[in-house]
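model36.txt follows; it contains compact mmCIF, C-alpha atoms.
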# COMPACT_ATOMS: atom_id res chain seq x y z
CA MET Q 182 131.03 95.15 50.51
CA ALA Q 183 133.27 92.63 48.75
CA ARG Q 184 132.18 91.03 45.50
CA LYS Q 185 130.74 87.53 45.78
CA THR Q 186 133.40 85.38 44.09
CA GLN Q 187 134.88 81.97 44.67
CA ARG Q 188 138.70 81.97 44.75
CA TYR Q 189 140.89 79.16 43.43
CA ALA Q 190 144.66 79.08 44.01
CA VAL Q 191 147.09 78.06 41.27
CA GLU Q 192 150.75 77.10 41.44
CA GLY Q 193 153.46 77.63 38.87
CA SER Q 194 152.51 79.73 35.87
CA ASN Q 195 149.80 82.39 36.09
CA SER Q 196 146.19 81.26 36.12
CA LEU Q 197 145.42 82.39 32.56
CA TRP Q 198 148.26 80.21 31.28
CA GLN Q 199 146.43 77.33 33.01
CA LEU Q 200 143.06 78.32 31.51
CA TYR Q 201 142.17 74.94 30.02
CA ARG Q 202 142.53 73.24 33.39
CA THR Q 203 139.56 75.36 34.54
CA VAL Q 204 137.33 75.34 31.46
CA SER Q 205 137.17 73.18 28.33
CA PHE Q 206 138.88 74.47 25.18
CA PHE Q 207 135.83 73.42 23.16
CA LYS Q 208 133.47 75.33 25.45
CA VAL Q 209 135.59 78.47 25.09
CA MET Q 210 135.64 78.08 21.29
CA LYS Q 211 131.86 77.57 21.14
CA CYS Q 212 131.23 80.57 23.39
CA PHE Q 213 133.68 82.73 21.44
CA VAL Q 214 131.99 81.96 18.09
CA VAL Q 215 128.44 82.47 19.42
CA ILE Q 216 129.40 85.72 21.16
CA GLN Q 217 131.16 87.09 18.07
CA VAL Q 218 128.04 86.40 15.98
CA GLY Q 219 125.88 87.94 18.73
CA ARG Q 220 128.01 91.07 19.06
CA PHE Q 221 127.18 92.03 15.47
CA MET Q 222 123.62 90.64 15.43
CA PRO Q 223 121.13 93.48 14.80
CA SER Q 224 118.14 91.37 15.88
CA LEU Q 225 117.71 91.35 19.66
CA ARG Q 226 115.39 88.33 19.46
CA VAL Q 227 117.95 86.28 17.55
CA LYS Q 228 120.80 87.42 19.83
CA ASN Q 229 118.82 86.50 22.96
CA PHE Q 230 117.93 83.11 21.45
CA LEU Q 231 121.60 82.40 20.68
CA TYR Q 232 122.77 83.43 24.14
CA ARG Q 233 120.03 81.50 25.97
CA THR Q 234 120.30 78.37 23.83
CA PHE Q 235 124.03 78.02 23.21
CA LEU Q 236 125.58 79.88 26.16
CA GLY Q 237 123.09 79.12 28.94
CA MET Q 238 122.69 82.80 29.85
CA THR Q 239 119.52 83.77 31.71
CA LEU Q 240 117.97 86.71 29.86
CA GLY Q 241 114.57 88.14 30.79
CA LYS Q 242 111.77 89.18 28.47
CA GLN Q 243 112.62 92.11 26.21
CA THR Q 244 116.19 92.28 27.49
CA SER Q 245 118.36 94.31 25.13
CA LEU Q 246 122.07 93.69 24.73
CA ALA Q 247 123.25 96.41 22.35
CA LEU Q 248 125.71 95.90 19.53
CA MET Q 249 129.22 94.90 20.60
CA VAL Q 250 128.24 93.87 24.16
CA MET Q 251 130.83 91.30 25.30
CA PRO Q 252 129.49 88.64 27.68
CA ASP Q 253 132.00 86.40 29.45
CA THR Q 254 133.53 83.93 26.97
CA MET Q 255 134.36 81.27 29.54
CA PHE Q 256 131.43 81.25 31.97
CA PRO Q 257 128.48 83.01 30.28
CA GLU Q 258 126.02 80.76 32.12
CA ARG Q 259 126.89 82.74 35.27
CA ILE Q 260 125.26 85.89 33.82
CA THR Q 261 121.62 86.77 34.53
CA VAL Q 262 119.86 89.84 33.14
CA GLY Q 263 116.27 90.62 34.18
CA ASP Q 264 113.26 91.67 32.12
CA ASN Q 265 113.29 94.90 30.12
CA SER Q 266 116.91 95.79 30.90
CA VAL Q 267 119.28 97.53 28.48
CA ILE Q 268 123.00 96.77 28.37
CA GLY Q 269 124.69 99.56 26.40
CA PHE Q 270 127.05 99.43 23.44
CA ASN Q 271 130.43 97.76 23.97
CA THR Q 272 129.82 96.84 27.61
CA THR Q 273 131.83 93.91 28.99
CA ILE Q 274 130.26 91.52 31.50
CA LEU Q 275 132.83 89.31 33.25
CA ALA Q 276 132.09 86.26 35.38
CA HIS Q 277 135.77 85.36 35.77
CA GLU Q 278 139.10 86.95 36.69
CA TYR Q 279 142.36 85.18 35.91
CA LEU Q 280 145.13 86.61 38.09
CA ILE Q 281 148.75 85.62 38.78
CA GLU Q 282 148.31 83.25 41.74
CA GLU Q 283 144.57 82.62 41.59
CA TYR Q 284 141.44 82.82 39.52
CA ARG Q 285 138.01 83.94 40.68
CA LEU Q 286 134.52 83.09 39.48
CA GLY Q 287 131.35 84.95 40.39
CA ASP Q 288 127.77 85.24 39.22
CA VAL Q 289 126.70 88.54 37.68
CA ILE Q 290 123.07 89.38 38.41
CA ILE Q 291 121.52 92.36 36.66
CA GLY Q 292 117.96 93.09 37.76
CA LYS Q 293 114.90 94.07 35.77
CA ASN Q 294 114.46 97.54 34.25
CA VAL Q 295 118.18 98.24 34.60
CA MET Q 296 120.06 100.60 32.27
CA VAL Q 297 123.81 100.08 31.86
CA GLY Q 298 125.47 102.81 29.80
CA ALA Q 299 127.87 102.21 26.91
CA ASN Q 300 131.47 101.12 27.40
CA SER Q 301 130.96 99.94 30.97
CA THR Q 302 132.69 96.94 32.55
CA ILE Q 303 130.89 94.73 35.05
CA LEU Q 304 133.17 92.57 37.21
CA PRO Q 305 132.35 89.08 38.52
CA GLY Q 306 130.29 88.66 41.66
CA VAL Q 307 128.32 91.89 41.21
CA THR Q 308 124.57 92.40 41.59
CA ILE Q 309 122.86 95.41 40.01
CA GLY Q 310 119.45 95.96 41.62
CA ASP Q 311 116.11 96.42 39.85
CA GLY Q 312 115.61 99.82 38.26
CA ALA Q 313 119.21 100.95 38.73
CA ILE Q 314 121.02 103.12 36.19
CA VAL Q 315 124.75 102.75 35.58
CA SER Q 316 126.26 105.64 33.65
CA ALA Q 317 128.45 105.14 30.59
CA MET Q 318 132.09 104.12 31.05
CA THR Q 319 131.57 102.87 34.60
CA LEU Q 320 133.67 100.15 36.22
CA VAL Q 321 131.08 98.22 38.23
CA HIS Q 322 133.29 96.74 40.95
CA ARG Q 323 130.66 96.36 43.68
CA ASP Q 324 126.92 95.90 44.03
CA VAL Q 325 124.59 98.65 42.81
CA PRO Q 326 121.48 99.13 44.99
CA ALA Q 327 118.05 98.99 43.34
CA GLY Q 328 116.75 102.24 41.88
CA CYS Q 329 119.89 104.31 42.25
CA LEU Q 330 122.15 106.05 39.73
CA ALA Q 331 125.78 104.96 39.87
CA GLY Q 332 128.77 105.90 37.76
CA GLY Q 333 132.44 106.60 37.44
CA ASN Q 334 135.75 104.88 37.92
CA PRO Q 335 135.82 103.96 40.68
CA MET Q 336 132.06 103.62 40.68
CA GLN Q 337 130.17 105.75 43.18
CA ILE Q 338 126.49 106.12 44.02
CA ILE Q 339 125.47 109.44 42.48
CA TYR Q 340 121.81 109.43 43.52
CA THR Q 341 120.02 107.03 45.88
CA LYS Q 342 116.67 105.50 44.95
CA GLU Q 343 114.90 108.11 47.06
CA GLN Q 344 116.75 110.95 45.34
CA MET Q 345 115.99 109.44 41.92
CA ASP Q 346 112.29 109.13 42.82
CA GLU Q 347 112.25 112.80 43.87
CA ARG Q 348 113.97 113.86 40.63
CA ARG Q 349 111.40 111.96 38.55
CA LYS Q 350 108.54 113.46 40.55
CA ASN Q 351 109.77 116.96 39.72
CA ASP Q 352 110.63 116.23 36.06
CA ALA Q 353 107.98 117.49 33.60
CA PHE Q 354 108.86 114.63 31.23
CA PHE Q 355 107.53 112.03 33.69
CA LYS Q 356 104.31 113.96 34.47
CA SER Q 357 101.29 113.01 32.41
Is it possible to express this structure as structure tokens?
Amino acid sequence: MARKTQRYAVEGSNSLWQLYRTVSFFKVMKCFVVIQVGRFMPSLRVKNFLYRTFLGMTLGKQTSLALMVMPDTMFPERITVGDNSVIGFNTTILAHEYLIEEYRLGDVIIGKNVMVGANSTILPGVTIGDGAIVSAMTLVHRDVPAGCLAGGNPMQIIYTKEQMDERRKNDAFFKS
């Protein structure tokens, strides 16, 4: 399934060279400064406050963006992360793509109770379903179904929700 992005054609120079025709310079500067402070912020509460208040990101209760997570600097308001999700160290979440002859914008929706491993990249227009796990260093280039384990480059579904449920059922750690 294709990612859910809106495409905009450009003429002449590449779309990144025309960046400030698509987004305000002052917005980019504000976002850049807030994100740089947030990337090094050890307090999750303060980081979430900064991102909600100054970037317009939608972050659920007890959402954890680890150190060095890089939200989109141009369109962070297009990122939603559900309750109790963890976004691992140095993960990049993009809501834009500037290409040669076009640029694309797409909402990124990360469900609740989602785990995204360190050093992953999430592309625009992707939805990660509730309870999904994305392994470290994954390029998330398409939707991830709820409850499954996905990983790799290119990303693949490693275990479906049903297979994950069966694994948990048989894991002594999850038995009480």
| request: Might you pull out every residue within 9 Å of segment 310-313 of chain Q, with all atoms listed in the file counted and same-chain residues fewer than 2 positions away left off, and present them as a ChimeraX atom specification? | output: /Q:263,266,290-297,308,315,324-331,342
| query | What gap, in Å, lies between atom CA of Ile274 of chain Q and atom CA of Ser301 of chain Q? | reply |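 Answer for the atom CA of Ile274 of chain Q to atom CA of Ser301 of chain Q separation: 8.5 Å.
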| message | Excluding Gln217 of chain Q and its own-chain neighbours fewer than 2 positions away, which residues fall within 10 Å of it when counting all atoms listed in the file? Please give them as JSON, numbers by chain. | response | {"Q": [212, 213, 214, 215, 219, 220, 221, 222, 249, 250, 251, 252, 254]}
| Of the candidates Q:Thr186, Q:Ser245, Q:Thr302, Q:Ser196, which shows the shortest atom-to-atom distance to Thr273 of chain Q, using all atoms listed in the file? |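 Among the listed residues, the smallest separation from Thr273 of chain Q belongs to Q:Thr302.
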| Exercise: segment 237-244 of chain Q partners within 8 Å, only C-alpha atoms, chain neighbours under 3 positions left out, as a PyMOL selection string | chain Q and resi 229+232-234+257-267+293
Writer output for current selection, C-alpha atoms, as a PDB file, keeping the file's coordinate frame:
ATOM      1  CA  ASN Q 229     118.820  86.500  22.960  1.00  0.00           C
ATOM      2  CA  TYR Q 232     122.770  83.430  24.140  1.00  0.00           C
ATOM      3  CA  ARG Q 233     120.030  81.500  25.970  1.00  0.00           C
ATOM      4  CA  THR Q 234     120.300  78.370  23.830  1.00  0.00           C
ATOM      5  CA  PRO Q 257     128.480  83.010  30.280  1.00  0.00           C
ATOM      6  CA  GLU Q 258     126.020  80.760  32.120  1.00  0.00           C
ATOM      7  CA  ARG Q 259     126.890  82.740  35.270  1.00  0.00           C
ATOM      8  CA  ILE Q 260     125.260  85.890  33.820  1.00  0.00           C
ATOM      9  CA  THR Q 261     121.620  86.770  34.530  1.00  0.00           C
ATOM     10  CA  VAL Q 262     119.860  89.840  33.140  1.00  0.00           C
ATOM     11  CA  GLY Q 263     116.270  90.620  34.180  1.00  0.00           C
ATOM     12  CA  ASP Q 264     113.260  91.670  32.120  1.00  0.00           C
ATOM     13  CA  ASN Q 265     113.290  94.900  30.120  1.00  0.00           C
ATOM     14  CA  SER Q 266     116.910  95.790  30.900  1.00  0.00           C
ATOM     15  CA  VAL Q 267     119.280  97.530  28.480  1.00  0.00           C
ATOM     16  CA  LYS Q 293     114.900  94.070  35.770  1.00  0.00           C
TER      17      LYS Q 293
END
Output as an mmCIF file, keeping the file's coordinate frame: segment 255-266 of chain Q, completed with all heavy atoms.
data_model
loop_
_atom_site.group_PDB
_atom_site.id
_atom_site.type_symbol
_atom_site.label_atom_id
_atom_site.label_comp_id
_atom_site.auth_asym_id
_atom_site.auth_seq_id
_atom_site.Cartn_x
_atom_site.Cartn_y
_atom_site.Cartn_z
ATOM 1 N N MET Q 255 134.031 82.533 28.900
ATOM 2 C CA MET Q 255 134.360 81.270 29.540
ATOM 3 C C MET Q 255 133.229 80.735 30.417
ATOM 4 O O MET Q 255 133.030 79.536 30.503
ATOM 5 C CB MET Q 255 135.641 81.406 30.350
ATOM 6 C CG MET Q 255 136.837 81.577 29.449
ATOM 7 S SD MET Q 255 138.058 82.593 30.239
ATOM 8 C CE MET Q 255 139.020 83.089 28.840
ATOM 9 N N PHE Q 256 132.498 81.651 31.053
ATOM 10 C CA PHE Q 256 131.430 81.250 31.970
ATOM 11 C C PHE Q 256 130.178 82.091 31.763
ATOM 12 O O PHE Q 256 129.644 82.669 32.719
ATOM 13 C CB PHE Q 256 131.934 81.362 33.426
ATOM 14 C CG PHE Q 256 133.142 80.520 33.703
ATOM 15 C CD1 PHE Q 256 134.412 81.072 33.641
ATOM 16 C CD2 PHE Q 256 133.019 79.168 33.991
ATOM 17 C CE1 PHE Q 256 135.545 80.304 33.880
ATOM 18 C CE2 PHE Q 256 134.142 78.384 34.235
ATOM 19 C CZ PHE Q 256 135.406 78.963 34.170
ATOM 20 N N PRO Q 257 129.650 82.161 30.537
ATOM 21 C CA PRO Q 257 128.480 83.010 30.280
ATOM 22 C C PRO Q 257 127.236 82.553 31.025
ATOM 23 O O PRO Q 257 126.343 83.361 31.295
ATOM 24 C CB PRO Q 257 128.286 82.917 28.771
ATOM 25 C CG PRO Q 257 128.905 81.604 28.396
ATOM 26 C CD PRO Q 257 130.072 81.439 29.334
ATOM 27 N N GLU Q 258 127.180 81.288 31.391
ATOM 28 C CA GLU Q 258 126.020 80.760 32.120
ATOM 29 C C GLU Q 258 125.904 81.366 33.513
ATOM 30 O O GLU Q 258 124.875 81.224 34.178
ATOM 31 C CB GLU Q 258 126.096 79.224 32.212
ATOM 32 C CG GLU Q 258 127.188 78.680 33.099
ATOM 33 C CD GLU Q 258 128.588 78.598 32.469
ATOM 34 O OE1 GLU Q 258 128.781 79.056 31.320
ATOM 35 O OE2 GLU Q 258 129.494 78.078 33.149
ATOM 36 N N ARG Q 259 126.915 82.087 33.953
ATOM 37 C CA ARG Q 259 126.890 82.740 35.270
ATOM 38 C C ARG Q 259 126.352 84.170 35.189
ATOM 39 O O ARG Q 259 126.426 84.914 36.150
ATOM 40 C CB ARG Q 259 128.281 82.711 35.893
ATOM 41 C CG ARG Q 259 128.753 81.253 36.141
ATOM 42 C CD ARG Q 259 129.998 81.211 36.916
ATOM 43 N NE ARG Q 259 129.671 81.502 38.310
ATOM 44 C CZ ARG Q 259 130.292 80.964 39.347
ATOM 45 N NH1 ARG Q 259 131.269 80.113 39.168
ATOM 46 N NH2 ARG Q 259 129.953 81.299 40.575
ATOM 47 N N ILE Q 260 125.808 84.545 34.027
ATOM 48 C CA ILE Q 260 125.260 85.890 33.820
ATOM 49 C C ILE Q 260 123.742 85.806 33.753
ATOM 50 O O ILE Q 260 123.182 85.010 32.999
ATOM 51 C CB ILE Q 260 125.808 86.518 32.523
ATOM 52 C CG1 ILE Q 260 127.330 86.667 32.604
ATOM 53 C CG2 ILE Q 260 125.135 87.857 32.240
ATOM 54 C CD1 ILE Q 260 127.981 87.062 31.289
ATOM 55 N N THR Q 261 123.071 86.657 34.537
ATOM 56 C CA THR Q 261 121.620 86.770 34.530
ATOM 57 C C THR Q 261 121.255 88.233 34.323
ATOM 58 O O THR Q 261 121.807 89.104 35.002
ATOM 59 C CB THR Q 261 121.030 86.292 35.878
ATOM 60 O OG1 THR Q 261 121.368 84.916 36.066
ATOM 61 C CG2 THR Q 261 119.527 86.467 35.923
ATOM 62 N N VAL Q 262 120.355 88.482 33.376
ATOM 63 C CA VAL Q 262 119.860 89.840 33.140
ATOM 64 C C VAL Q 262 118.335 89.778 33.171
ATOM 65 O O VAL Q 262 117.722 88.984 32.459
ATOM 66 C CB VAL Q 262 120.335 90.414 31.790
ATOM 67 C CG1 VAL Q 262 119.879 91.861 31.630
ATOM 68 C CG2 VAL Q 262 121.854 90.309 31.646
ATOM 69 N N GLY Q 263 117.715 90.632 33.986
ATOM 70 C CA GLY Q 263 116.270 90.620 34.180
ATOM 71 C C GLY Q 263 115.495 91.243 33.024
ATOM 72 O O GLY Q 263 116.061 91.801 32.080
ATOM 73 N N ASP Q 264 114.179 91.165 33.134
ATOM 74 C CA ASP Q 264 113.260 91.670 32.120
ATOM 75 C C ASP Q 264 113.489 93.160 31.842
ATOM 76 O O ASP Q 264 113.749 93.945 32.758
ATOM 77 C CB ASP Q 264 111.803 91.514 32.584
ATOM 78 C CG ASP Q 264 111.375 90.067 32.738
ATOM 79 O OD1 ASP Q 264 112.057 89.167 32.220
ATOM 80 O OD2 ASP Q 264 110.337 89.842 33.397
ATOM 81 N N ASN Q 265 113.356 93.508 30.566
ATOM 82 C CA ASN Q 265 113.290 94.900 30.120
ATOM 83 C C ASN Q 265 114.532 95.725 30.469
ATOM 84 O O ASN Q 265 114.459 96.935 30.599
ATOM 85 C CB ASN Q 265 112.027 95.576 30.690
ATOM 86 C CG ASN Q 265 111.621 96.781 29.871
ATOM 87 O OD1 ASN Q 265 111.604 96.734 28.644
ATOM 88 N ND2 ASN Q 265 111.301 97.876 30.534
ATOM 89 N N SER Q 266 115.670 95.068 30.618
ATOM 90 C CA SER Q 266 116.910 95.790 30.900
ATOM 91 C C SER Q 266 117.661 96.067 29.610
ATOM 92 O O SER Q 266 117.517 95.348 28.623
ATOM 93 C CB SER Q 266 117.793 94.976 31.855
ATOM 94 O OG SER Q 266 117.209 94.965 33.140
#
